[in-house]
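Data from final.csv: CSV, C-alpha atoms and all ligand atoms
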chain,number,residue,atom,x,y,z
A,24,MET,CA,133.3,-67.7,101.0
A,25,THR,CA,133.2,-71.3,99.7
A,26,PRO,CA,131.0,-74.0,101.4
A,27,GLN,CA,134.1,-75.8,102.5
A,28,ALA,CA,135.5,-72.7,104.2
A,29,LEU,CA,132.2,-72.0,105.9
A,30,ARG,CA,132.0,-75.7,107.0
A,31,GLN,CA,135.5,-75.3,108.5
A,32,GLN,CA,134.4,-72.2,110.5
A,33,LEU,CA,131.4,-74.1,111.8
A,34,ASN,CA,133.5,-77.1,112.8
A,35,GLN,CA,135.6,-74.9,115.1
A,36,LEU,CA,132.4,-74.8,117.3
A,37,LYS,CA,132.8,-78.6,117.6
A,38,PRO,CA,129.2,-79.7,117.1
A,39,LEU,CA,128.1,-83.1,118.4
A,40,ALA,CA,127.3,-85.8,115.8
A,41,LEU,CA,123.7,-86.0,116.8
A,42,GLY,CA,120.9,-87.0,114.3
A,43,GLU,CA,121.0,-88.2,110.7
A,44,PHE,CA,122.5,-85.7,108.2
A,45,PRO,CA,122.3,-84.8,105.4
A,46,THR,CA,118.5,-85.0,105.4
A,47,PRO,CA,117.0,-86.0,102.1
A,48,LEU,CA,116.3,-83.5,99.4
A,49,ALA,CA,113.4,-84.6,97.2
A,50,SER,CA,111.2,-83.2,94.4
A,51,LEU,CA,107.4,-83.0,94.9
A,52,PRO,CA,106.1,-83.7,91.4
A,53,ARG,CA,102.5,-84.5,92.4
A,54,LEU,CA,102.1,-81.5,94.6
A,55,SER,CA,103.6,-79.2,91.9
A,56,ALA,CA,101.1,-80.7,89.4
A,57,ALA,CA,98.2,-80.4,91.8
A,58,LEU,CA,99.0,-76.7,92.2
A,59,GLY,CA,99.6,-76.2,88.5
A,60,GLY,CA,102.6,-74.3,89.5
A,61,PRO,CA,106.4,-74.0,89.8
A,62,GLU,CA,108.8,-76.8,90.5
A,63,LEU,CA,108.6,-77.7,94.2
A,64,TRP,CA,111.2,-79.5,96.3
A,65,ILE,CA,111.3,-80.4,99.9
A,66,LYS,CA,114.2,-80.6,102.4
A,67,ARG,CA,113.3,-83.3,104.9
A,68,ASP,CA,114.4,-82.1,108.3
A,69,ASP,CA,111.5,-84.0,109.7
A,70,LEU,CA,113.8,-87.0,109.1
A,71,SER,CA,116.7,-85.7,111.1
A,72,GLY,CA,116.6,-88.9,113.1
A,73,LEU,CA,116.7,-88.4,116.8
A,74,GLY,CA,113.4,-88.7,118.8
A,75,LEU,CA,111.2,-88.5,115.7
A,76,GLY,CA,113.3,-85.7,114.2
A,77,GLY,CA,112.7,-82.0,113.4
A,78,ASN,CA,114.6,-78.8,112.9
A,79,LYS,CA,115.9,-78.5,116.5
A,80,ILE,CA,118.3,-81.3,116.2
A,81,ARG,CA,120.6,-79.1,114.0
A,82,LYS,CA,120.6,-76.5,116.8
A,83,LEU,CA,121.1,-79.0,119.5
A,84,ARG,CA,124.3,-80.4,117.9
A,85,TYR,CA,125.9,-77.0,118.8
A,86,LEU,CA,124.1,-76.2,122.0
A,87,LEU,CA,124.6,-79.6,123.7
A,88,ALA,CA,128.3,-79.5,122.7
A,89,GLU,CA,128.6,-76.3,124.7
A,90,ALA,CA,126.6,-77.8,127.6
A,91,LEU,CA,129.1,-80.7,127.8
A,92,ARG,CA,132.1,-78.3,127.5
A,93,HIS,CA,130.6,-76.4,130.5
A,94,LYS,CA,130.4,-79.7,132.4
A,95,ALA,CA,126.7,-79.3,132.8
A,96,ASN,CA,124.8,-82.3,134.1
A,97,VAL,CA,121.3,-81.0,133.4
A,98,VAL,CA,119.8,-79.0,130.4
A,99,LEU,CA,116.7,-76.9,130.7
A,100,THR,CA,114.5,-75.4,128.1
A,101,ALA,CA,111.0,-74.1,127.8
A,102,GLY,CA,108.0,-74.2,125.5
A,103,ALA,CA,104.4,-75.0,124.9
A,104,GLN,CA,102.9,-78.3,126.1
A,105,GLN,CA,103.2,-79.6,122.6
A,106,SER,CA,106.6,-78.1,122.0
A,107,ASN,CA,108.6,-80.0,119.3
A,108,HIS,CA,111.7,-78.2,120.6
A,109,ALA,CA,111.2,-79.5,124.1
A,110,ARG,CA,110.7,-83.1,122.8
A,111,GLN,CA,113.8,-82.9,120.7
A,112,THR,CA,115.8,-81.5,123.5
A,113,ALA,CA,114.7,-84.3,125.8
A,114,ALA,CA,115.7,-86.9,123.2
A,115,ALA,CA,119.0,-85.3,122.4
A,116,ALA,CA,119.8,-84.9,126.2
A,117,ALA,CA,119.0,-88.6,126.7
A,118,SER,CA,121.3,-89.5,123.9
A,119,VAL,CA,124.3,-87.9,125.5
A,120,GLY,CA,123.5,-88.9,129.1
A,121,LEU,CA,122.2,-85.5,130.4
A,122,ARG,CA,119.2,-84.9,132.5
A,123,ALA,CA,116.5,-82.7,130.8
A,124,VAL,CA,114.1,-80.4,132.6
A,125,LEU,CA,111.3,-78.9,130.5
A,126,VAL,CA,109.4,-75.9,131.7
A,127,LEU,CA,106.1,-76.0,129.9
A,128,ARG,CA,103.5,-73.3,129.6
A,129,GLY,CA,100.4,-73.4,131.8
A,130,GLU,CA,99.2,-76.2,134.1
A,131,ALA,CA,99.5,-80.0,133.9
A,132,PRO,CA,96.7,-81.3,131.7
A,133,HIS,CA,94.1,-83.7,133.3
A,134,SER,CA,94.0,-85.8,130.1
A,135,ILE,CA,96.3,-88.7,129.2
A,136,PRO,CA,99.5,-87.3,127.8
A,137,ASP,CA,99.7,-87.3,124.0
A,138,GLY,CA,101.8,-86.0,121.1
A,139,ASN,CA,105.1,-84.5,122.0
A,140,TYR,CA,104.2,-84.4,125.7
A,141,LEU,CA,103.8,-88.2,125.7
A,142,LEU,CA,107.2,-88.5,124.0
A,143,ASP,CA,108.9,-86.2,126.6
A,144,HIS,CA,107.9,-88.8,129.2
A,145,PHE,CA,109.6,-91.7,127.3
A,146,PHE,CA,112.8,-89.7,127.0
A,147,GLY,CA,112.8,-89.3,130.8
A,148,ALA,CA,112.4,-85.5,130.8
A,149,GLU,CA,111.3,-83.9,134.1
A,150,VAL,CA,108.5,-81.5,133.4
A,151,ARG,CA,107.8,-78.4,135.5
A,152,TRP,CA,104.7,-76.3,134.8
A,153,ALA,CA,105.1,-72.5,134.5
A,154,GLY,CA,101.5,-71.9,135.6
A,155,GLU,CA,100.7,-68.2,135.5
A,156,ARG,CA,104.4,-67.2,135.1
A,157,LEU,CA,106.0,-66.2,131.8
A,158,LEU,CA,108.3,-68.9,130.4
A,159,SER,CA,111.6,-67.1,130.5
A,160,PRO,CA,111.4,-66.1,134.3
A,161,ALA,CA,110.1,-69.5,135.1
A,162,LEU,CA,113.0,-71.1,133.2
A,163,HIS,CA,115.6,-69.0,135.0
A,164,ALA,CA,113.9,-69.6,138.4
A,165,GLU,CA,114.1,-73.4,137.8
A,166,ALA,CA,117.8,-73.1,136.8
A,167,ALA,CA,118.5,-71.2,140.1
A,168,HIS,CA,116.7,-73.8,142.0
A,169,LEU,CA,118.7,-76.6,140.4
A,170,ARG,CA,122.0,-74.7,141.1
A,171,GLN,CA,121.0,-74.4,144.8
A,172,ALA,CA,120.4,-78.1,144.9
A,173,GLY,CA,124.0,-78.7,143.6
A,174,ALA,CA,123.3,-79.5,140.0
A,175,ARG,CA,125.1,-77.8,137.0
A,176,PRO,CA,122.3,-76.6,134.7
A,177,TYR,CA,122.7,-75.3,131.2
A,178,ILE,CA,119.9,-73.2,129.8
A,179,ILE,CA,118.8,-73.7,126.2
A,180,PRO,CA,116.9,-70.7,125.1
A,181,TYR,CA,113.3,-70.8,123.8
A,182,GLY,CA,113.3,-72.6,120.5
A,183,GLY,CA,117.1,-73.1,120.7
A,184,SER,CA,117.4,-69.7,119.0
A,185,ASN,CA,120.5,-68.0,120.1
A,186,ALA,CA,123.6,-67.4,117.8
A,187,LEU,CA,125.1,-70.8,118.7
A,188,GLY,CA,121.8,-72.6,117.9
A,189,ALA,CA,121.4,-70.7,114.7
A,190,CYS,CA,124.8,-72.0,113.5
A,191,GLY,CA,123.0,-75.3,113.1
A,192,PHE,CA,121.0,-73.7,110.2
A,193,VAL,CA,124.1,-72.1,108.7
A,194,ALA,CA,125.3,-75.6,108.5
A,195,GLY,CA,122.0,-76.7,107.1
A,196,LEU,CA,122.4,-74.2,104.3
A,197,VAL,CA,125.9,-75.5,103.6
A,198,GLU,CA,124.5,-79.0,103.5
A,199,LEU,CA,121.8,-78.0,101.0
A,200,VAL,CA,124.3,-76.3,98.7
A,201,GLN,CA,126.6,-79.4,98.8
A,202,GLN,CA,123.6,-81.6,98.1
A,203,ALA,CA,122.2,-79.5,95.3
A,204,ALA,CA,125.4,-78.6,93.4
A,205,PRO,CA,126.1,-82.1,91.9
A,206,ARG,CA,122.5,-82.2,90.7
A,207,GLU,CA,122.8,-78.7,89.2
A,208,LEU,CA,119.9,-77.4,91.3
A,209,LEU,CA,119.6,-73.8,92.2
A,210,PHE,CA,116.5,-72.7,94.1
A,211,ASP,CA,114.9,-69.3,93.6
A,212,ALA,CA,113.5,-69.3,97.1
A,213,ILE,CA,113.4,-71.4,100.3
A,214,ILE,CA,110.1,-71.2,102.2
A,215,VAL,CA,110.2,-72.1,105.9
A,216,ALA,CA,108.1,-71.9,109.1
A,217,SER,CA,109.6,-69.2,111.3
A,218,SER,CA,108.9,-68.7,115.0
A,219,SER,CA,111.7,-68.2,117.4
A,220,GLY,CA,113.9,-67.2,114.4
A,221,GLY,CA,117.0,-69.4,114.7
A,222,THR,CA,116.1,-71.4,111.6
A,223,GLN,CA,115.4,-68.4,109.3
A,224,ALA,CA,118.3,-66.4,110.7
A,225,GLY,CA,120.8,-69.3,110.3
A,226,LEU,CA,119.7,-70.0,106.7
A,227,THR,CA,119.9,-66.3,105.9
A,228,VAL,CA,123.4,-66.0,107.3
A,229,GLY,CA,124.5,-69.1,105.4
A,230,ALA,CA,123.0,-67.7,102.1
A,231,GLN,CA,124.7,-64.3,102.7
A,232,LEU,CA,128.1,-65.8,103.5
A,233,LEU,CA,128.0,-68.1,100.4
A,234,SER,CA,126.7,-65.2,98.2
A,235,LEU,CA,123.7,-67.5,97.2
A,236,PRO,CA,121.0,-65.7,95.3
A,237,THR,CA,118.3,-67.8,96.8
A,238,ARG,CA,115.6,-65.8,98.8
A,239,ILE,CA,114.8,-67.1,102.3
A,240,ILE,CA,111.1,-66.6,103.0
A,241,GLY,CA,109.9,-67.1,106.5
A,242,ILE,CA,106.2,-67.8,107.0
A,243,SER,CA,105.7,-66.3,110.5
A,244,ILE,CA,103.8,-68.6,112.8
A,245,ASP,CA,103.1,-66.2,115.6
A,246,LYS,CA,104.6,-62.8,115.2
A,247,PRO,CA,104.0,-59.6,113.2
A,248,ALA,CA,106.7,-59.1,110.6
A,249,ALA,CA,107.8,-55.6,111.7
A,250,THR,CA,109.1,-56.6,115.2
A,251,PHE,CA,110.2,-60.1,114.1
A,252,ARG,CA,112.5,-58.7,111.3
A,253,GLN,CA,114.3,-56.7,113.9
A,254,GLN,CA,114.7,-59.8,116.1
A,255,LEU,CA,116.0,-61.8,113.1
A,256,ALA,CA,118.5,-59.1,112.2
A,257,THR,CA,120.0,-59.0,115.7
A,258,LEU,CA,120.2,-62.8,115.8
A,259,ALA,CA,121.8,-63.1,112.4
A,260,THR,CA,124.4,-60.4,113.2
A,261,GLU,CA,125.4,-62.3,116.4
A,262,THR,CA,125.5,-65.6,114.4
A,263,ALA,CA,127.8,-64.1,111.8
A,264,PHE,CA,130.0,-62.7,114.5
A,265,LEU,CA,130.3,-66.1,116.1
A,266,LEU,CA,131.6,-67.4,112.8
A,267,ASN,CA,134.2,-64.6,112.6
A,268,SER,CA,132.4,-62.8,109.9
A,269,PRO,CA,132.0,-59.0,110.0
A,270,ALA,CA,128.7,-59.3,108.1
A,271,THR,CA,125.8,-57.3,109.7
A,272,PHE,CA,122.1,-57.6,109.0
A,273,ALA,CA,119.2,-55.2,109.0
A,274,PRO,CA,115.5,-55.9,109.2
A,275,ALA,CA,115.2,-55.2,105.5
A,276,ASP,CA,117.4,-58.3,104.8
A,277,PHE,CA,114.6,-60.6,105.9
A,278,THR,CA,111.4,-61.6,104.1
A,279,VAL,CA,108.8,-62.4,106.6
A,280,VAL,CA,105.2,-63.1,105.6
A,281,ASP,CA,102.8,-62.6,108.5
A,282,SER,CA,99.5,-63.1,106.6
A,283,TYR,CA,98.8,-66.5,108.0
A,284,LEU,CA,98.8,-65.9,111.8
A,285,GLY,CA,95.1,-67.0,111.8
A,286,GLY,CA,93.7,-67.3,115.3
A,287,GLY,CA,97.2,-67.3,116.8
A,288,TYR,CA,99.8,-69.8,117.9
A,289,GLY,CA,98.5,-73.4,117.8
A,290,VAL,CA,95.0,-72.4,116.7
A,291,VAL,CA,94.2,-74.7,113.7
A,292,GLY,CA,92.2,-73.2,110.9
A,293,GLU,CA,91.1,-74.1,107.4
A,294,LEU,CA,94.5,-73.1,106.0
A,295,GLU,CA,96.4,-75.7,108.1
A,296,ARG,CA,93.7,-78.4,107.6
A,297,GLN,CA,93.7,-78.1,103.8
A,298,ALA,CA,97.5,-77.9,103.5
A,299,ILE,CA,98.1,-81.0,105.7
A,300,ARG,CA,95.5,-83.0,103.6
A,301,LEU,CA,97.0,-81.7,100.3
A,302,LEU,CA,100.6,-82.8,101.0
A,303,ALA,CA,99.4,-86.1,102.6
A,304,ARG,CA,97.2,-87.0,99.6
A,305,THR,CA,99.5,-85.9,96.8
A,306,GLU,CA,102.9,-87.1,98.2
A,307,GLY,CA,102.1,-89.3,101.2
A,308,LEU,CA,104.0,-86.8,103.5
A,309,LEU,CA,103.0,-85.4,106.8
A,310,THR,CA,103.1,-81.8,108.0
A,311,ASP,CA,102.0,-80.6,111.4
A,312,PRO,CA,99.1,-78.4,112.7
A,313,VAL,CA,101.2,-75.6,114.3
A,314,TYR,CA,104.2,-74.9,112.1
A,315,THR,CA,104.7,-76.8,108.8
A,316,GLY,CA,101.0,-77.0,108.0
A,317,ARG,CA,100.7,-73.3,108.4
A,318,ALA,CA,103.8,-72.6,106.4
A,319,LEU,CA,102.7,-74.9,103.6
A,320,GLY,CA,99.3,-73.4,103.6
A,321,GLY,CA,101.0,-70.0,103.3
A,322,LEU,CA,103.1,-71.3,100.4
A,323,VAL,CA,100.0,-72.6,98.6
A,324,ASP,CA,98.3,-69.2,99.0
A,325,LEU,CA,101.4,-67.3,97.8
A,326,LEU,CA,101.4,-69.6,94.7
A,327,GLU,CA,97.7,-68.9,94.1
A,328,GLN,CA,98.4,-65.2,94.3
A,329,GLY,CA,101.0,-65.6,91.6
A,330,THR,CA,103.9,-64.5,93.8
A,331,PHE,CA,106.4,-66.7,92.0
A,332,ALA,CA,107.2,-67.0,88.2
A,333,ALA,CA,105.8,-70.1,86.5
A,334,ASP,CA,109.3,-71.4,85.9
A,335,ALA,CA,110.6,-70.8,89.5
A,336,ARG,CA,112.1,-73.6,91.5
A,337,LEU,CA,111.1,-73.5,95.1
A,338,LEU,CA,112.2,-75.4,98.2
A,339,PHE,CA,109.9,-76.1,101.1
A,340,TRP,CA,112.1,-76.7,104.1
A,341,HIS,CA,110.2,-79.2,106.2
A,342,THR,CA,111.0,-78.5,109.9
A,343,GLY,CA,109.2,-81.5,111.4
A,344,GLY,CA,106.5,-81.4,114.0
A,345,SER,CA,104.2,-84.3,113.0
A,346,PRO,CA,104.1,-85.9,116.5
A,347,SER,CA,101.7,-83.1,117.5
A,348,LEU,CA,99.2,-84.3,114.8
A,349,PHE,CA,97.9,-86.8,117.3
A,350,ALA,CA,97.3,-84.2,120.0
A,351,TYR,CA,95.3,-82.0,117.5
A,352,ALA,CA,93.0,-84.8,116.2
A,353,GLU,CA,89.8,-83.0,117.2
A,354,GLU,CA,90.7,-79.7,115.6
A,355,LEU,CA,92.1,-81.4,112.5
A,356,LEU,CA,88.9,-83.3,111.8
A,357,ALA,CA,86.6,-80.3,112.5
B,401,LIG,C1,108.0,-78.0,113.5
B,401,LIG,C2,108.6,-76.6,113.7
B,401,LIG,N1,108.8,-75.9,112.6
B,401,LIG,C3,109.4,-74.6,112.7
B,401,LIG,C4,109.7,-74.1,113.9
B,401,LIG,C5,110.3,-72.7,113.9
B,401,LIG,O1,111.7,-72.7,114.0
B,401,LIG,P1,112.4,-71.5,114.7
B,401,LIG,O2,111.9,-71.5,116.1
B,401,LIG,O3,113.8,-71.7,114.5
B,401,LIG,O4,111.9,-70.2,114.0
B,401,LIG,C6,109.6,-74.9,115.1
B,401,LIG,C7,109.9,-74.3,116.4
B,401,LIG,O5,109.5,-74.7,117.4
B,401,LIG,C8,109.0,-76.2,114.9
B,401,LIG,O6,108.8,-76.9,116.0

Representation of the structure as structure tokens:
Amino acid sequence: MTPQALRQQLNQLKPLALGEFPTPLASLPRLSAALGGPELWIKRDDLSGLGLGGNKIRKLRYLLAEALRHKANVVLTAGAQQSNHARQTAAAAASVGLRAVLVLRGEAPHSIPDGNYLLDHFFGAEVRWAGERLLSPALHAEAAHLRQAGARPYIIPYGGSNALGACGFVAGLVELVQQAAPRELLFDAIIVASSSGGTQAGLTVGAQLLSLPTRIIGISIDKPAATFRQQLATLATETAFLLNSPATFAPADFTVVDSYLGGGYGVVGELERQAIRLLARTEGLLTDPVYTGRALGGLVDLLEQGTFAADARLLFWHTGGSPSLFAYAEELLA
């Protein structure tokens, strides 16, 4: 399939024109030199525009389009207190005049709101705390409650990662190919932080449908590879189906590196601290403590292990997240 044909398929889903795309594609000469390694590039989805940007805007273009088609007047989603996804959902909802309800893990903090949670407040999002409950039942209970009160809720799944959301990253891959082709750039691998899976699944579907030889490598943030690969395969198959493609995916079609889970989700370690400092000091760019710092730390480690050929050309897909830097000051300076 050509990029133009795939773009046409995607356009049938009528995504909203949210955010600033294409995001910049730039080389990282000083980071490459500091690592004495292959040619490194970066895709700047941290600059996707709305509400301080990040990878979720791509998914929200498709999800909020559906919410509006369903005549919803409130969107709900769930996440951690410092969820980038929740903050971007709140910003995107505000930009199209929808109410946003965020179901966040745990209890209301006693400290002054900071990071993403502070920004949720500016976007006018209503926050509900899940307390002891798991996020998914808490989210559905909140939706039922809103329905009973006469509202028309639309649920955006955790991380925006269903087939429709993942189409945003099929579109991301098309965007990259159309940006790279005139510069005669072909990447051996794309390295990306992977958690709820929509980003990696969408990129992988895009690469498969365009017969691109580029490997998509997900650095798992919080899941063991064995179970996560199965989840990615199901999501990718559903995404291809939505795009009228008969392509199916198996766990073996996904490269997931789960060596950098450290102390668990959101636990900052030396890997993240060093990676954040390295990119900031070599290129003046920010990554975040939970996702991109961990993924970049993983990439640095893979390079040190000699995983890639010396003449490889690699792309780090920056998925955003830097607003949470401010909420992790203590851990980052430890
Ligand atoms: C900054 C950042 N990077 C990466 C991810 C992971 O993307 P996905 O959930 O699509 O796997 C997230 C998800 O919350 C994120 O906020």

### Distance criterion (only C-alpha atoms and all ligand atoms): nearest to ligand LIG 401 (chain B) out of A:Asp137, A:Asp245, A:Glu62, A:Asp211
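Smallest separation from ligand LIG 401 (chain B) among the options: A:Asp245.
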
### Message
Quick one: residues within 12 Å of A:Leu255, all atoms listed in the file, excluding same-chain residues fewer than 2 positions away - as a ChimeraX atom specification?
### Response
/A:184-186,189,217-228,241,243,246,248-253,257-262,271-279

### Task
With a distance cut-off of 12 Å and all atoms listed in the file, select the neighbouring residues of A:Ala164, excluding the residue or stretch itself and same-chain residues fewer than 6 positions from it, and output the selection as number ranges by chain.
A: 99-101, 126, 151-153, 156-158, 170-171, 176, 178

Please identify every residue of chain A that has at least one atom no farther than 10 Å from an atom of ligand LIG 401 (chain B), counting all atoms listed in the file, and for each give the shortest atom pair and the distance in Å to one decimal, arranged by chain then increasing number, as JSON lines.
{"residue": "A:Asp68", "atom": "CA", "partner": "B:LIG401", "partner_atom": "C1", "distance": 9.2}
{"residue": "A:Asp69", "atom": "CA", "partner": "B:LIG401", "partner_atom": "C1", "distance": 7.9}
{"residue": "A:Gly76", "atom": "CA", "partner": "B:LIG401", "partner_atom": "C1", "distance": 9.4}
{"residue": "A:Gly77", "atom": "CA", "partner": "B:LIG401", "partner_atom": "C1", "distance": 6.2}
{"residue": "A:Asn78", "atom": "CA", "partner": "B:LIG401", "partner_atom": "C2", "distance": 6.4}
{"residue": "A:Lys79", "atom": "CA", "partner": "B:LIG401", "partner_atom": "O6", "distance": 7.3}
{"residue": "A:Lys82", "atom": "CA", "partner": "B:LIG401", "partner_atom": "O3", "distance": 8.6}
{"residue": "A:Gly102", "atom": "CA", "partner": "B:LIG401", "partner_atom": "O5", "distance": 8.3}
{"residue": "A:Ala103", "atom": "CA", "partner": "B:LIG401", "partner_atom": "O5", "distance": 9.1}
{"residue": "A:Gln105", "atom": "CA", "partner": "B:LIG401", "partner_atom": "O6", "distance": 9.1}
{"residue": "A:Ser106", "atom": "CA", "partner": "B:LIG401", "partner_atom": "O5", "distance": 6.4}
{"residue": "A:Asn107", "atom": "CA", "partner": "B:LIG401", "partner_atom": "O6", "distance": 4.5}
{"residue": "A:His108", "atom": "CA", "partner": "B:LIG401", "partner_atom": "O5", "distance": 5.2}
{"residue": "A:Ala109", "atom": "CA", "partner": "B:LIG401", "partner_atom": "O5", "distance": 8.4}
{"residue": "A:Arg110", "atom": "CA", "partner": "B:LIG401", "partner_atom": "O6", "distance": 9.4}
{"residue": "A:Gln111", "atom": "CA", "partner": "B:LIG401", "partner_atom": "O6", "distance": 9.1}
{"residue": "A:Tyr181", "atom": "CA", "partner": "B:LIG401", "partner_atom": "O2", "distance": 7.9}
{"residue": "A:Gly182", "atom": "CA", "partner": "B:LIG401", "partner_atom": "O2", "distance": 4.7}
{"residue": "A:Gly183", "atom": "CA", "partner": "B:LIG401", "partner_atom": "O2", "distance": 7.1}
{"residue": "A:Ser184", "atom": "CA", "partner": "B:LIG401", "partner_atom": "O3", "distance": 6.1}
{"residue": "A:Asn185", "atom": "CA", "partner": "B:LIG401", "partner_atom": "O3", "distance": 9.5}
{"residue": "A:Gly188", "atom": "CA", "partner": "B:LIG401", "partner_atom": "O3", "distance": 8.7}
{"residue": "A:Ala189", "atom": "CA", "partner": "B:LIG401", "partner_atom": "O3", "distance": 7.7}
{"residue": "A:Gly191", "atom": "CA", "partner": "B:LIG401", "partner_atom": "O3", "distance": 10.0}
{"residue": "A:Phe192", "atom": "CA", "partner": "B:LIG401", "partner_atom": "O3", "distance": 8.6}
{"residue": "A:Val215", "atom": "CA", "partner": "B:LIG401", "partner_atom": "C3", "distance": 7.3}
{"residue": "A:Ala216", "atom": "CA", "partner": "B:LIG401", "partner_atom": "C3", "distance": 4.7}
{"residue": "A:Ser217", "atom": "CA", "partner": "B:LIG401", "partner_atom": "O4", "distance": 3.7}
{"residue": "A:Ser218", "atom": "CA", "partner": "B:LIG401", "partner_atom": "O4", "distance": 3.5}
{"residue": "A:Ser219", "atom": "CA", "partner": "B:LIG401", "partner_atom": "O2", "distance": 3.6}
{"residue": "A:Gly220", "atom": "CA", "partner": "B:LIG401", "partner_atom": "O4", "distance": 3.6}
{"residue": "A:Gly221", "atom": "CA", "partner": "B:LIG401", "partner_atom": "O3", "distance": 3.9}
{"residue": "A:Thr222", "atom": "CA", "partner": "B:LIG401", "partner_atom": "O3", "distance": 3.7}
{"residue": "A:Gln223", "atom": "CA", "partner": "B:LIG401", "partner_atom": "O4", "distance": 6.1}
{"residue": "A:Ala224", "atom": "CA", "partner": "B:LIG401", "partner_atom": "O3", "distance": 7.9}
{"residue": "A:Gly225", "atom": "CA", "partner": "B:LIG401", "partner_atom": "O3", "distance": 8.5}
{"residue": "A:Leu226", "atom": "CA", "partner": "B:LIG401", "partner_atom": "O3", "distance": 9.9}
{"residue": "A:Gly241", "atom": "CA", "partner": "B:LIG401", "partner_atom": "O4", "distance": 8.4}
{"residue": "A:Ile242", "atom": "CA", "partner": "B:LIG401", "partner_atom": "O4", "distance": 9.3}
{"residue": "A:Ser243", "atom": "CA", "partner": "B:LIG401", "partner_atom": "O4", "distance": 8.1}
{"residue": "A:Ile244", "atom": "CA", "partner": "B:LIG401", "partner_atom": "C5", "distance": 7.8}
{"residue": "A:Asp245", "atom": "CA", "partner": "B:LIG401", "partner_atom": "O4", "distance": 9.8}
{"residue": "A:Leu255", "atom": "CA", "partner": "B:LIG401", "partner_atom": "O4", "distance": 9.4}
{"residue": "A:Thr310", "atom": "CA", "partner": "B:LIG401", "partner_atom": "C1", "distance": 8.3}
{"residue": "A:Asp311", "atom": "CA", "partner": "B:LIG401", "partner_atom": "C1", "distance": 6.9}
{"residue": "A:Pro312", "atom": "CA", "partner": "B:LIG401", "partner_atom": "C1", "distance": 8.9}
{"residue": "A:Val313", "atom": "CA", "partner": "B:LIG401", "partner_atom": "C1", "distance": 7.3}
{"residue": "A:Tyr314", "atom": "CA", "partner": "B:LIG401", "partner_atom": "N1", "distance": 4.7}
{"residue": "A:Thr315", "atom": "CA", "partner": "B:LIG401", "partner_atom": "N1", "distance": 5.7}
{"residue": "A:Gly316", "atom": "CA", "partner": "B:LIG401", "partner_atom": "C1", "distance": 9.0}
{"residue": "A:Arg317", "atom": "CA", "partner": "B:LIG401", "partner_atom": "N1", "distance": 9.5}
{"residue": "A:Ala318", "atom": "CA", "partner": "B:LIG401", "partner_atom": "N1", "distance": 8.6}
{"residue": "A:Trp340", "atom": "CA", "partner": "B:LIG401", "partner_atom": "N1", "distance": 9.2}
{"residue": "A:His341", "atom": "CA", "partner": "B:LIG401", "partner_atom": "N1", "distance": 7.3}
{"residue": "A:Thr342", "atom": "CA", "partner": "B:LIG401", "partner_atom": "N1", "distance": 4.3}
{"residue": "A:Gly343", "atom": "CA", "partner": "B:LIG401", "partner_atom": "C1", "distance": 4.3}
{"residue": "A:Gly344", "atom": "CA", "partner": "B:LIG401", "partner_atom": "C1", "distance": 3.7}
{"residue": "A:Ser345", "atom": "CA", "partner": "B:LIG401", "partner_atom": "C1", "distance": 7.4}
{"residue": "A:Pro346", "atom": "CA", "partner": "B:LIG401", "partner_atom": "C1", "distance": 9.3}
{"residue": "A:Ser347", "atom": "CA", "partner": "B:LIG401", "partner_atom": "C1", "distance": 9.0}

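Take the candidates A:Pro47, A:Leu187, A:Pro52, A:Tyr85 and check each one against A:Leu265 using all atoms listed in the file; the shortest distance goes to A:Leu187.
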
### Query
How many Å separate atom CA of A:Leu301 from atom CA of A:Leu322?
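According to the coordinates, atom CA of A:Leu301 and atom CA of A:Leu322 are separated by 12.1 Å.
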
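Ranking A:Ala56, A:Leu355, A:Thr46, A:Leu208 by their shortest atom-to-atom distance to A:Arg300, with all atoms listed in the file included, puts A:Leu355 first.
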
### Query
By how many Å are atom CA of A:Ile65 and atom CA of A:Gly321 apart?
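Taking atom CA of A:Ile65 as the start and atom CA of A:Gly321 as the end point, the length is 15.0 Å.
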
### Summary
Nearest to A:Phe331, restricted to all atoms listed in the file and choosing among A:Leu51, A:Gln27, A:Ala174, A:Ala212, comes out as A:Ala212

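Each of A:Leu196, A:Ala230, A:Pro180, A:Phe145 was checked against A:Leu162 using only C-alpha atoms; the smallest atom-to-atom distance is that of A:Pro180.
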
### Task
May I ask for the distance between atom CA of A:Gly42 and atom CA of A:Ile214, given in Å to one decimal place?
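Separation between atom CA of A:Gly42 and atom CA of A:Ile214: 22.6 Å.
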